[in-house]
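Asks: Hey, dropping start-v7.cif in here, mmCIF, C-alpha atoms:
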```cif
data_structure
loop_
_atom_site.label_atom_id
_atom_site.label_comp_id
_atom_site.auth_asym_id
_atom_site.auth_seq_id
_atom_site.Cartn_x
_atom_site.Cartn_y
_atom_site.Cartn_z
CA MET A 15 148.75 82.23 94.00
CA THR A 16 147.03 81.34 97.24
CA GLN A 17 143.68 83.08 97.46
CA LEU A 18 143.48 85.75 100.11
CA ARG A 19 140.70 84.01 101.92
CA GLU A 20 142.92 80.97 102.49
CA GLN A 21 145.75 82.98 104.02
CA SER A 22 146.29 83.70 107.70
CA CYS A 23 146.94 87.02 109.36
CA GLU A 24 150.50 87.70 110.37
CA ALA A 25 151.27 89.51 113.60
CA CYS A 26 150.75 93.23 113.02
CA ARG A 27 153.10 95.38 115.04
CA ALA A 28 152.62 99.09 115.63
CA ASP A 29 155.63 99.79 113.41
CA ALA A 30 154.41 97.66 110.49
CA PRO A 31 154.11 99.74 107.33
CA LYS A 32 150.65 100.67 106.08
CA LEU A 33 149.86 99.49 102.58
CA ASN A 34 150.55 102.13 99.97
CA ALA A 35 148.09 103.14 97.26
CA ALA A 36 149.48 100.74 94.66
CA GLN A 37 149.36 97.81 97.08
CA ILE A 38 145.79 98.70 98.08
CA SER A 39 144.75 98.98 94.45
CA ALA A 40 146.18 95.53 93.65
CA LEU A 41 144.51 93.90 96.64
CA MET A 42 141.13 95.57 95.97
CA ALA A 43 140.80 93.41 92.86
CA GLU A 44 140.70 90.39 95.16
CA VAL A 45 137.87 91.62 97.41
CA PRO A 46 134.95 92.53 95.12
CA GLY A 47 132.17 94.45 96.85
CA TRP A 48 134.48 96.12 99.37
CA GLN A 49 135.38 99.76 99.22
CA VAL A 50 138.01 101.90 100.89
CA ILE A 51 136.76 104.73 103.06
CA GLU A 52 138.84 107.11 105.16
CA PRO A 53 136.91 108.43 108.16
CA GLY A 54 139.17 110.71 110.17
CA GLY A 55 142.00 110.00 107.73
CA ILE A 56 142.14 106.30 108.70
CA ALA A 57 141.74 104.01 105.68
CA GLN A 58 139.25 101.20 106.25
CA LEU A 59 137.65 98.46 104.17
CA MET A 60 133.85 98.62 104.24
CA ARG A 61 131.13 96.42 102.82
CA GLU A 62 127.37 96.17 103.35
CA PHE A 63 125.79 92.70 103.31
CA SER A 64 122.02 92.40 102.75
CA PHE A 65 119.69 89.82 104.28
CA ALA A 66 116.01 88.94 104.16
CA ASN A 67 115.38 89.74 107.82
CA PHE A 68 116.95 90.59 111.16
CA ALA A 69 117.69 87.04 112.26
CA GLN A 70 119.83 86.33 109.20
CA ALA A 71 121.76 89.56 109.71
CA LEU A 72 122.37 88.69 113.37
CA ALA A 73 123.54 85.19 112.45
CA PHE A 74 126.06 86.66 109.98
CA THR A 75 127.35 89.07 112.63
CA GLN A 76 127.87 86.10 114.93
CA GLN A 77 129.71 84.13 112.22
CA VAL A 78 131.99 87.00 111.28
CA GLY A 79 132.58 87.83 114.93
CA GLU A 80 133.67 84.28 115.70
CA LEU A 81 135.93 84.26 112.64
CA ALA A 82 137.45 87.56 113.77
CA ASP A 83 138.10 86.36 117.28
CA SER A 84 139.74 83.18 115.99
CA PHE A 85 142.29 85.36 114.17
CA ASP A 86 142.50 87.92 116.98
CA HIS A 87 141.75 90.67 114.47
CA HIS A 88 138.52 92.52 115.10
CA PRO A 89 136.24 94.58 112.87
CA VAL A 90 133.42 96.95 113.63
CA LEU A 91 130.08 95.31 112.78
CA ILE A 92 126.85 97.26 112.46
CA THR A 93 123.84 94.97 112.67
CA GLU A 94 120.36 96.16 111.75
CA TRP A 95 117.20 94.79 110.11
CA GLY A 96 118.27 93.09 106.86
CA LYS A 97 121.80 94.49 106.80
CA VAL A 98 125.25 94.07 108.30
CA THR A 99 127.93 96.66 107.57
CA ILE A 100 131.50 95.64 108.31
CA TYR A 101 134.64 97.74 108.67
CA TRP A 102 138.12 96.21 108.73
CA TRP A 103 141.28 98.12 109.50
CA SER A 104 144.37 97.72 111.65
CA HIS A 105 144.06 99.80 114.79
CA LYS A 106 147.75 99.53 115.65
CA ILE A 107 148.85 101.18 112.42
CA ARG A 108 145.74 103.34 112.00
CA GLY A 109 145.24 102.14 108.46
CA LEU A 110 145.18 99.13 106.17
CA HIS A 111 147.42 96.09 106.44
CA LYS A 112 147.28 93.00 104.26
CA ASN A 113 145.57 91.28 107.20
CA ASP A 114 142.51 93.46 106.58
CA PHE A 115 142.21 92.24 103.02
CA ILE A 116 142.63 88.65 104.17
CA MET A 117 139.82 89.13 106.70
CA ALA A 118 137.62 90.92 104.13
CA ALA A 119 138.05 87.99 101.74
CA LYS A 120 137.23 85.50 104.51
CA THR A 121 134.15 87.58 105.41
CA SER A 122 132.90 87.53 101.83
CA ALA A 123 133.45 83.77 101.67
CA LEU A 124 131.22 83.33 104.74
CA PHE A 125 128.50 85.34 103.05
CA MET A 126 128.58 83.24 99.91
CA PRO A 127 130.66 80.11 100.38
CA GLY A 128 132.57 79.19 97.25
CA SER A 129 132.74 82.74 95.91
CA ASP A 130 135.62 85.14 96.27
CA MET B 2 103.93 100.48 138.80
CA THR B 3 105.11 97.71 136.53
CA GLN B 4 108.74 98.20 135.69
CA LEU B 5 109.40 99.05 132.07
CA ARG B 6 111.57 96.02 131.57
CA GLU B 7 108.65 93.74 132.47
CA GLN B 8 106.28 95.31 129.95
CA SER B 9 105.67 94.17 126.39
CA CYS B 10 105.73 96.25 123.24
CA GLU B 11 102.38 97.17 121.80
CA ALA B 12 101.84 97.22 118.06
CA CYS B 13 103.29 100.47 116.73
CA ARG B 14 101.39 101.82 113.74
CA ALA B 15 102.72 104.48 111.40
CA ASP B 16 100.10 106.90 112.76
CA ALA B 17 100.98 106.31 116.41
CA PRO B 18 101.98 109.55 118.11
CA LYS B 19 105.62 110.13 118.92
CA LEU B 20 106.35 110.72 122.59
CA ASN B 21 106.48 114.40 123.47
CA ALA B 22 109.29 116.00 125.44
CA ALA B 23 107.54 115.66 128.80
CA GLN B 24 106.80 111.98 128.20
CA ILE B 25 110.39 111.36 127.13
CA SER B 26 111.71 113.17 130.17
CA ALA B 27 109.56 111.07 132.51
CA LEU B 28 110.59 107.79 130.86
CA MET B 29 114.30 108.69 130.83
CA ALA B 30 114.30 108.39 134.62
CA GLU B 31 113.52 104.70 134.17
CA VAL B 32 116.40 103.92 131.80
CA PRO B 33 119.61 105.09 133.49
CA GLY B 34 122.65 105.14 131.23
CA TRP B 35 120.64 105.82 128.06
CA GLN B 36 120.66 109.15 126.29
CA VAL B 37 118.50 110.70 123.60
CA ILE B 38 120.26 111.65 120.38
CA GLU B 39 118.66 113.05 117.24
CA PRO B 40 120.64 112.17 114.12
CA GLY B 41 118.87 113.61 111.09
CA GLY B 42 116.12 114.93 113.38
CA ILE B 43 115.04 111.40 114.39
CA ALA B 44 115.07 110.95 118.16
CA GLN B 45 116.78 107.73 119.26
CA LEU B 46 117.82 106.13 122.53
CA MET B 47 121.53 105.30 122.64
CA ARG B 48 123.74 103.55 125.16
CA GLU B 49 127.27 102.15 125.07
CA PHE B 50 127.97 98.93 126.95
CA SER B 51 131.58 98.07 127.83
CA PHE B 52 133.11 94.60 127.98
CA ALA B 53 136.48 93.04 128.78
CA ASN B 54 137.04 91.70 125.28
CA PHE B 55 135.51 91.11 121.86
CA ALA B 56 133.87 87.77 122.64
CA GLN B 57 131.82 89.24 125.50
CA ALA B 58 130.69 92.12 123.30
CA LEU B 59 129.66 89.71 120.56
CA ALA B 60 127.73 87.55 123.02
CA PHE B 61 125.82 90.61 124.24
CA THR B 62 124.98 91.59 120.66
CA GLN B 63 123.60 88.10 120.15
CA GLN B 64 121.52 88.27 123.34
CA VAL B 65 120.07 91.67 122.56
CA GLY B 66 119.45 90.65 118.96
CA GLU B 67 117.49 87.58 120.02
CA LEU B 68 115.50 89.65 122.51
CA ALA B 69 114.75 92.20 119.78
CA ASP B 70 113.60 89.58 117.32
CA SER B 71 111.32 88.00 119.91
CA PHE B 72 109.51 91.35 120.23
CA ASP B 73 109.74 92.09 116.50
CA HIS B 74 111.29 95.47 117.33
CA HIS B 75 114.82 95.89 116.06
CA PRO B 76 117.67 98.17 117.10
CA VAL B 77 120.91 99.08 115.43
CA LEU B 78 123.81 97.35 117.20
CA ILE B 79 127.43 98.35 116.71
CA THR B 80 129.79 95.62 117.89
CA GLU B 81 133.50 96.24 118.31
CA TRP B 82 136.33 95.16 120.62
CA GLY B 83 135.11 95.66 124.20
CA LYS B 84 132.04 97.68 123.31
CA VAL B 85 128.49 97.41 121.99
CA THR B 86 126.58 100.57 121.15
CA ILE B 87 122.82 100.21 120.79
CA TYR B 88 120.26 102.53 119.22
CA TRP B 89 116.51 102.06 119.72
CA TRP B 90 113.87 104.03 117.89
CA SER B 91 110.62 103.35 116.04
CA HIS B 92 111.21 103.41 112.31
CA LYS B 93 107.52 103.66 111.47
CA ILE B 94 107.05 106.92 113.34
CA ARG B 95 110.62 108.17 112.82
CA GLY B 96 111.05 108.84 116.49
CA LEU B 97 110.54 107.50 119.99
CA HIS B 98 107.62 105.36 121.14
CA LYS B 99 107.17 103.86 124.59
CA ASN B 100 108.23 100.55 123.02
CA ASP B 101 111.75 101.93 122.67
CA PHE B 102 111.97 102.65 126.37
CA ILE B 103 110.64 99.18 127.15
CA MET B 104 113.30 97.63 124.92
CA ALA B 105 116.03 99.88 126.38
CA ALA B 106 115.05 98.76 129.89
CA LYS B 107 115.08 95.11 128.81
CA THR B 108 118.50 95.62 127.19
CA SER B 109 119.93 97.10 130.39
CA ALA B 110 118.51 94.19 132.38
CA LEU B 111 120.36 91.74 130.08
CA PHE B 112 123.60 93.59 130.70
CA MET B 113 123.27 93.44 134.46
CA PRO B 114 120.46 91.11 135.53
CA GLY B 115 118.64 92.40 138.57
CA SER B 116 119.39 96.06 137.93
CA ASP B 117 117.14 98.53 136.22
#
```
Just dump the structure as structure tokens.
Replies:
Amino acid sequence: MTQLREQSCEACRADAPKLNAAQISALMAEVPGWQVIEPGGIAQLMREFSFANFAQALAFTQQVGELADSFDHHPVLITEWGKVTIYWWSHKIRGLHKNDFIMAAKTSALFMPGSD
Amino acid sequence: MTQLREQSCEACRADAPKLNAAQISALMAEVPGWQVIEPGGIAQLMREFSFANFAQALAFTQQVGELADSFDHHPVLITEWGKVTIYWWSHKIRGLHKNDFIMAAKTSALFMPGSD
């Protein structure tokens, strides 16, 4: 099976179905370190990444931001001293699409190249 | 009077006094667009900056981050499509120091060079 991080996002239309609980559960096994949160009832993937200082955190934000823009799928990134917190979800469907898991896997791979 | 944005941060020790309400009120006049919020009882300066797309927002995050690191005073930056939200406060004193107003003024000047 092709690893998530090597897949590309497909176009996500407003009428695309959200992932159901079983699909989410299966995909979660492929994105260790990420958790599902549901602020305002909208499921999102969230992960905190730790760094030794501010500059490293900022550089990671820049890397993930450029990755996001290249796929035209955009997260929320919170950058602070020694930490970047990232939230992926699909705005059009107000929930999780497989694209979000693909982007989460790609994000993790940027943090630690070679890992899942 | 030297404009805030042209001043430098002074060393902020843990026993430095927080700004009082009158001092905050006077300084607020010099940082239009910023507001004081108090999550968890910790006063912070917050402002949202709007952009035409994600790439511009990310570039602003990078600019403000580099500015912050050069003064060794670090904000929280939330980057998302078309928007960057920035929070300045002084962690050591769990509140607002003049440094935060200096950095807020410098941040605004990056957004629109030549303005306050």
Asks: At a cut-off of 10 Å, using only C-alpha atoms, what residues contact Glu24 of chain A? Leave out same-chain residues fewer than 4 positions from it and give the result as a PyMOL selection string.
Replies: chain A and resi 85+111-113
Asks: Here's the selection I'm unsure about, the PyMOL selection byres ((chain A) within 8 of (chain B)); applied to the file above, which residues does it give, as an mmCIF file with C-alpha atoms, in the coordinates of the input?
Replies:
```cif
data_model
loop_
_atom_site.group_PDB
_atom_site.id
_atom_site.type_symbol
_atom_site.label_atom_id
_atom_site.label_comp_id
_atom_site.auth_asym_id
_atom_site.auth_seq_id
_atom_site.Cartn_x
_atom_site.Cartn_y
_atom_site.Cartn_z
ATOM 1 C CA PHE A 68 116.950 90.590 111.160
ATOM 2 C CA ALA A 69 117.690 87.040 112.260
ATOM 3 C CA LEU A 72 122.370 88.690 113.370
ATOM 4 C CA GLN A 76 127.870 86.100 114.930
ATOM 5 C CA GLY A 79 132.580 87.830 114.930
ATOM 6 C CA GLU A 80 133.670 84.280 115.700
ATOM 7 C CA ASP A 83 138.100 86.360 117.280
ATOM 8 C CA HIS A 88 138.520 92.520 115.100
ATOM 9 C CA PRO A 89 136.240 94.580 112.870
ATOM 10 C CA VAL A 90 133.420 96.950 113.630
ATOM 11 C CA LEU A 91 130.080 95.310 112.780
ATOM 12 C CA ILE A 92 126.850 97.260 112.460
ATOM 13 C CA THR A 93 123.840 94.970 112.670
ATOM 14 C CA GLU A 94 120.360 96.160 111.750
ATOM 15 C CA TRP A 95 117.200 94.790 110.110
#
```
Asks: Check what the PyMOL selection byres ((chain A and resi 103) around 8) selects in the file above and give those residues as number ranges by chain.
Replies: A: 57-59, 89, 101-102, 104-105, 108-111, 114
Asks: Pull the neighbourhood of (107.2, 92.7, 133.0) for me: all residues within 12 Å in file coordinates, counting only C-alpha atoms, as a list in words.
Replies: Met2, Thr3, Gln4, Leu5, Arg6, Glu7, Gln8, Ser9, Cys10, Ile103, Met104, Ala106, Lys107, Ala110 and Asp117 of chain B
Asks: Of the candidates A:Gly54, A:Gln70, A:Met60, A:Leu81, which shows the shortest atom-to-atom distance to Met42 of chain A, using all atoms listed in the file?
Replies: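 Using all atoms listed in the file, the shortest distance to Met42 of chain A belongs to A:Met60.
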Asks: Hey, can you check how far atom CA of Ile107 of chain A sits from atom CA of Ile38 of chain A?
Replies: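 The value is 14.9 Å.
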Asks: Compare B:Gly34, B:Gln64, B:Asp16, B:Lys93 by their minimum atom-to-atom distance to Phe50 of chain B, counting all atoms listed in the file, and give me the closest one.
Replies: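 Counting all atoms listed in the file, the residue closest to Phe50 of chain B is B:Gly34.
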Asks: If I take atom CA of Phe65 of chain A and atom CA of Ser39 of chain A, how far is one from the other in Å, to one decimal?
Replies: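 Going from atom CA of Phe65 of chain A over to atom CA of Ser39 of chain A, I get 28.4 Å.
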Asks: One decimal, Å: what's the distance from atom CA of Glu49 of chain B over to atom CA of Ala12 of chain B, could you say?
Replies: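 Separation of atom CA of Glu49 of chain B and atom CA of Ala12 of chain B: 26.8 Å.
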Asks: Pick the closest to Arg61 of chain A from A:Ala43, A:Ala118, A:Ala35, A:Met126: which is it, counting only C-alpha atoms?
Replies: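 Smallest distance to Arg61 of chain A is found for A:Ala118.
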